[in-house]
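Novice: The structure's right below; bear with me while I get my questions together.
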Amino acid sequence: MDWNKVDIYSVKELSFEDSFSLAKFTSNLSLNNKKDIARKIIIHILEIWENIDSSTKEIWMDIVESAGFYPYLTSNSTLDTTSEIRKAFHSSNYLDNVVFHKEQKHLSTLIEKKENIVVSAPTSFGKSLLIQEIVASRKFKNILIIQPTLALINETRIKLKPYQEYNIVVNTSQKMEDKNIFILTAERVLEYPNFPIVDYCILDEFYKVSSSRDDERSDVLNIALKKILDNNNTIFYFLGPNIDEISHGFENHYNAQFIKTDYTLVDTKVEMINIDFQSDKPRSMEKERKLKLFKMLSEKEKEQSIVYLSSPDRALKVAKEYLEYLNTNNLLAKEQHLPISEWIQENINSNWSFNKLIQQKIGVHSGTIPKHLTHSIIDYFNRGLLQVLFCTSTIIEGVNTSAKNVFIFDEKKGPNKIDYFDFSNIRGRAGRLLEHFTGYVYVFHPIPEKEKIELDIPFFDQEKISDEILINFEKKEVKSEHISRFEELMNYDDDLLKVIKKNAVSVSGQKKIIENIKITLKEKPELVLWSGIPKYEALAYILNICWDNLLKDTETTRPMTRNKLPVVAYNSLISKSTSESLNNEFKYLKDNNPKWTNQRVLDQAVTNYFREQRHWISYKVPKWIGVVDSLQKEVCKQMGIINVGDYTYAASQLENEGMDSTLSILLDMGIPSSAINKLKYAVDGITDFRDLVKHVKRIADSNQYSLIEYEKNKIYDL
């Protein structure tokens, strides 16, 4: 058989003759430097392992081994002595029953030698397993793991729980001990008081350091990295996907190695979906695309699928339409009732479409949904309790999940078209090591043109360096082309400049806010000089000057507006409950959209509320209030005003859903505020985190305080 002309994916079984000839063909590919093609064949052979001639399996095991696929050499494999030795060599030095593939072993060797490494590798490579290897070595006193999101922080914390000799720190309120693992966002690295010298720094999704990816947090990440790496003794492991080059000179300066590899034990087959459209009208074409998507999803009901959409609203809308399609075609499955539904009924509304979708094994994952819900959705999906996951770009930012099938239905990420980098990251969610040997990617729009991804590192190369990063340099570190800008930035009051640096947001914006505060202190001091819960006018003043001066040009604010933000923030401060806030939003939408159905109003009310809470109320607004608080305190000090304002309580209340700082850590660890409110009086006065965890687990076991099953499960995960 001429294997050059055979579509390997069409091969479902192999006789002795065909298996032997294909094995010979695959070996020759490897010898002739066509290892990528050889790996695809090997992966497919492993997928149809039960359907190949048994007498050829030993030959294939030799080929599997020669490709470095050691995790696939199971205990059932018959290996000779030299193969057993090689398999043992590729076993982890510190993790029980873990065998690395060839490239992982190479990286683990560099890690063992305490080399600095920057790794670009596919999603399915197993980069994060090496994080556990670093921790399990127990060689380092203070390990810092910087994650881009709080959801990833909690996921990483759960994986590292077995290493109890370390104190795991995920919140700035926690105290240091002798040996610590700090799992923090870049913002919290800067906020943590008296941050220690870091022995080992791990940066996940390192591409977020780039100024070219339009990530509003890149400045903070650069400032945090500079702070950590200013200590030359800090060893680091940076990891991420699909990067071709990093800033020239970075490797020499930090005595590091940049390692790019496409090595993977999972294959990905990309297929363009071509539709013979019956109409050229955009709305009709969209309907035809959806019909094709829904048919394919229903046909693959026994396989898990991820569907990529451009925005949270799109994800929920298309998921609802898929449910309607199943209903119309009598394809609905028997309803499943998961613990999450009881929580939704008690705290939101059982008629919320999100709940109806889950009951039909359909999930929605986006950045607007509360952290504990998104974590549950991923957990249910990974456990096979959900068949389809409609998601946004949040799925490509390090969330640990994948599926047999990925449908890239939209070609945009928010308002902009996805580029090849984003496409590659979404594609990487297809297939799962040791489960789905081959992942299938179905694309409904033209694939973005492949481009070389060169990652800039602003704190190092200074090519696209912002004022916010630049002011954290010493003059001797600044490149000549930036000296005049640096000197202009630094030509300012020293004490105020210290505050501006620490806040890590727009330098020019903060300077304008300072001038505004000086004028307001003379004309309307009550707008600045307040503590506790502010009056509406004072809160509106602060948020308006921040909106005018701290937003980046690239930030998307819709559907939030300058006028609405103070109203939403103030209502969040004085509101008694989530249900009260949801009822207010429902009434507002119903009054303004009388033709909408109650279902549409309910879904939009919940979406609006969660979007506002997650992005604005618990993140952006507390940050802004903290910025103005720090600036007004220094301005008042210089103006001789003794009774300065103090906004810390208001900021904390918004950030932590009304929890005090000692309980806010439970929010970070995925405990819903509903559960914390039920038990907060029972844990009053407990300040040590480990004691707090032990106590809330005892409470969960005691069946007191009306905790429902979903809340108990979250507590057991602590």
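Naming scheme: A, B, ... for chains in displayed order of the structure tokens; residues 1 onward per chain; ligands 1 onward as shown.
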If we count only C-alpha atoms and set the cut-off at 8 Å, which residues sit around A:Ile514, ignoring sequence neighbours fewer than 4 positions away in its own chain? Please answer as a PyMOL selection string.
Specialist: chain A and resi 510+518+631-632+635
Novice: For the selection you just gave me, I'd like the residues written to a file as a short mmCIF file (atom, residue, chain, number, x, y, z; two decimals), in the first residue's frame, keeping N, CA and C atoms.
Specialist:
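The new file selection_29.cif reads:
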data_model
loop_
_atom_site.label_atom_id
_atom_site.label_comp_id
_atom_site.auth_asym_id
_atom_site.auth_seq_id
_atom_site.Cartn_x
_atom_site.Cartn_y
_atom_site.Cartn_z
N GLN A 510 -3.11 60.14 36.59
CA GLN A 510 -3.00 60.38 38.03
C GLN A 510 -2.60 61.82 38.33
N LYS A 518 -6.90 68.84 44.34
CA LYS A 518 -6.49 70.10 44.98
C LYS A 518 -7.58 71.16 44.85
N LEU A 631 -3.86 58.96 46.53
CA LEU A 631 -3.47 60.30 46.06
C LEU A 631 -3.99 61.39 46.99
N GLN A 632 -5.26 61.27 47.41
CA GLN A 632 -5.81 62.32 48.27
C GLN A 632 -5.12 62.37 49.63
N VAL A 635 -1.92 64.31 49.03
CA VAL A 635 -2.25 65.72 48.76
C VAL A 635 -2.66 66.42 50.05
#
Novice: Could you pull the residues within 10 Å of A:Lys356, counting only C-alpha atoms, minus those fewer than 2 positions along the same chain, as an mmCIF file with N, CA and C atoms, in the first residue's frame?
Specialist:
data_model
loop_
_atom_site.group_PDB
_atom_site.id
_atom_site.type_symbol
_atom_site.label_atom_id
_atom_site.label_comp_id
_atom_site.auth_asym_id
_atom_site.auth_seq_id
_atom_site.Cartn_x
_atom_site.Cartn_y
_atom_site.Cartn_z
ATOM 1 N N LYS A 320 -28.592 28.954 23.890
ATOM 2 C CA LYS A 320 -30.055 28.887 24.020
ATOM 3 C C LYS A 320 -30.691 28.432 22.704
ATOM 4 N N LEU A 323 -30.303 24.741 22.377
ATOM 5 C CA LEU A 323 -31.289 24.054 23.210
ATOM 6 C C LEU A 323 -32.654 24.044 22.517
ATOM 7 N N GLU A 335 -33.347 15.128 31.705
ATOM 8 C CA GLU A 335 -32.775 16.218 32.502
ATOM 9 C C GLU A 335 -31.877 15.669 33.604
ATOM 10 N N GLN A 336 -30.740 16.339 33.792
ATOM 11 C CA GLN A 336 -29.876 15.995 34.917
ATOM 12 C C GLN A 336 -29.971 17.109 35.956
ATOM 13 N N HIS A 337 -29.882 16.749 37.212
ATOM 14 C CA HIS A 337 -29.987 17.738 38.285
ATOM 15 C C HIS A 337 -28.684 17.710 39.086
ATOM 16 N N SER A 341 -27.671 23.582 40.406
ATOM 17 C CA SER A 341 -29.033 24.043 40.134
ATOM 18 C C SER A 341 -29.737 24.509 41.409
ATOM 19 N N SER A 350 -34.451 29.860 39.187
ATOM 20 C CA SER A 350 -34.370 28.554 38.528
ATOM 21 C C SER A 350 -34.717 28.634 37.048
ATOM 22 N N ASN A 351 -35.393 29.722 36.637
ATOM 23 C CA ASN A 351 -35.749 29.893 35.227
ATOM 24 C C ASN A 351 -34.643 30.523 34.395
ATOM 25 N N TRP A 352 -33.552 30.894 35.032
ATOM 26 C CA TRP A 352 -32.412 31.438 34.297
ATOM 27 C C TRP A 352 -31.958 30.403 33.267
ATOM 28 N N SER A 353 -31.767 30.831 32.037
ATOM 29 C CA SER A 353 -31.438 29.894 30.953
ATOM 30 C C SER A 353 -30.159 29.113 31.223
ATOM 31 N N PHE A 354 -29.221 29.708 31.903
ATOM 32 C CA PHE A 354 -27.975 29.034 32.283
ATOM 33 C C PHE A 354 -28.295 27.717 32.990
ATOM 34 N N ILE A 358 -27.717 23.692 31.664
ATOM 35 C CA ILE A 358 -26.955 22.698 32.424
ATOM 36 C C ILE A 358 -27.751 21.405 32.564
ATOM 37 N N GLN A 359 -29.055 21.536 32.751
ATOM 38 C CA GLN A 359 -29.894 20.348 32.902
ATOM 39 C C GLN A 359 -29.908 19.496 31.634
ATOM 40 N N GLN A 360 -29.533 20.109 30.501
ATOM 41 C CA GLN A 360 -29.425 19.369 29.235
ATOM 42 C C GLN A 360 -27.969 19.150 28.824
ATOM 43 N N LYS A 361 -27.063 19.207 29.806
ATOM 44 C CA LYS A 361 -25.633 18.941 29.604
ATOM 45 C C LYS A 361 -24.965 19.963 28.678
ATOM 46 N N ILE A 362 -25.463 21.190 28.723
ATOM 47 C CA ILE A 362 -24.894 22.288 27.934
ATOM 48 C C ILE A 362 -24.367 23.341 28.898
ATOM 49 N N GLY A 363 -23.114 23.734 28.733
ATOM 50 C CA GLY A 363 -22.527 24.738 29.615
ATOM 51 C C GLY A 363 -22.172 26.006 28.872
#
Novice: Looking at only C-alpha atoms, which of A:Lys292, A:Lys694, A:Lys452, A:Arg188 is the one that sits closest to A:Asp717?
Specialist: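 Distance minimum relative to A:Asp717 lands on A:Lys694.
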Novice: Here is a test: counting only C-alpha atoms, which residue of A:Asp467, A:Asn97, A:Glu103, A:Ser311 is nearest to A:Asn416?
Specialist: A:Ser311
Novice: Using only C-alpha atoms, which of A:Leu589, A:Leu573, A:Val169, A:Ile48 sits nearest A:Leu184?
Specialist: A:Val169
Novice: Show me, as a VMD selection string, the residues that have an atom within 9 Å of stretch 613-625 of chain A when counting only C-alpha atoms, minus same-chain residues fewer than 4 positions from it.
Specialist: chain A and resid 367 to 371 503 539 542 to 543 546 to 547 550 560 565 568 to 569 572 608 to 609 629 to 630 647 to 648 650 to 657
Novice: Do a neighbour search on stretch 469-474 of chain A at 10 Å with only C-alpha atoms, toss out local chain neighbours closer than 2 positions, and write the hits as an MDAnalysis selection string.
Specialist: chainID A and resid 218:224 226:227 458:459 462 465:467 476:478 482:483 485:487 489:490 497:498 500:502 504:507
Novice: Give the helix (DSSP H, G or I) residues of stretch 27-276 of chain A, as DSSP finds them on the backbone, and put them as a VMD selection string.
Specialist: chain A and resid 27 to 31 35 to 47 49 to 51 54 to 66 70 to 72 81 to 89 102 to 112 123 to 125 129 to 136 150 to 160 186 to 191 206 to 209 218 to 229 250 to 253
Novice: Which distance in Å separates atom CA of A:Gln599 and atom CA of A:Lys317, to one decimal?
Specialist: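 Computing the Euclidean distance for atom CA of A:Gln599 and atom CA of A:Lys317 yields 12.1 Å.
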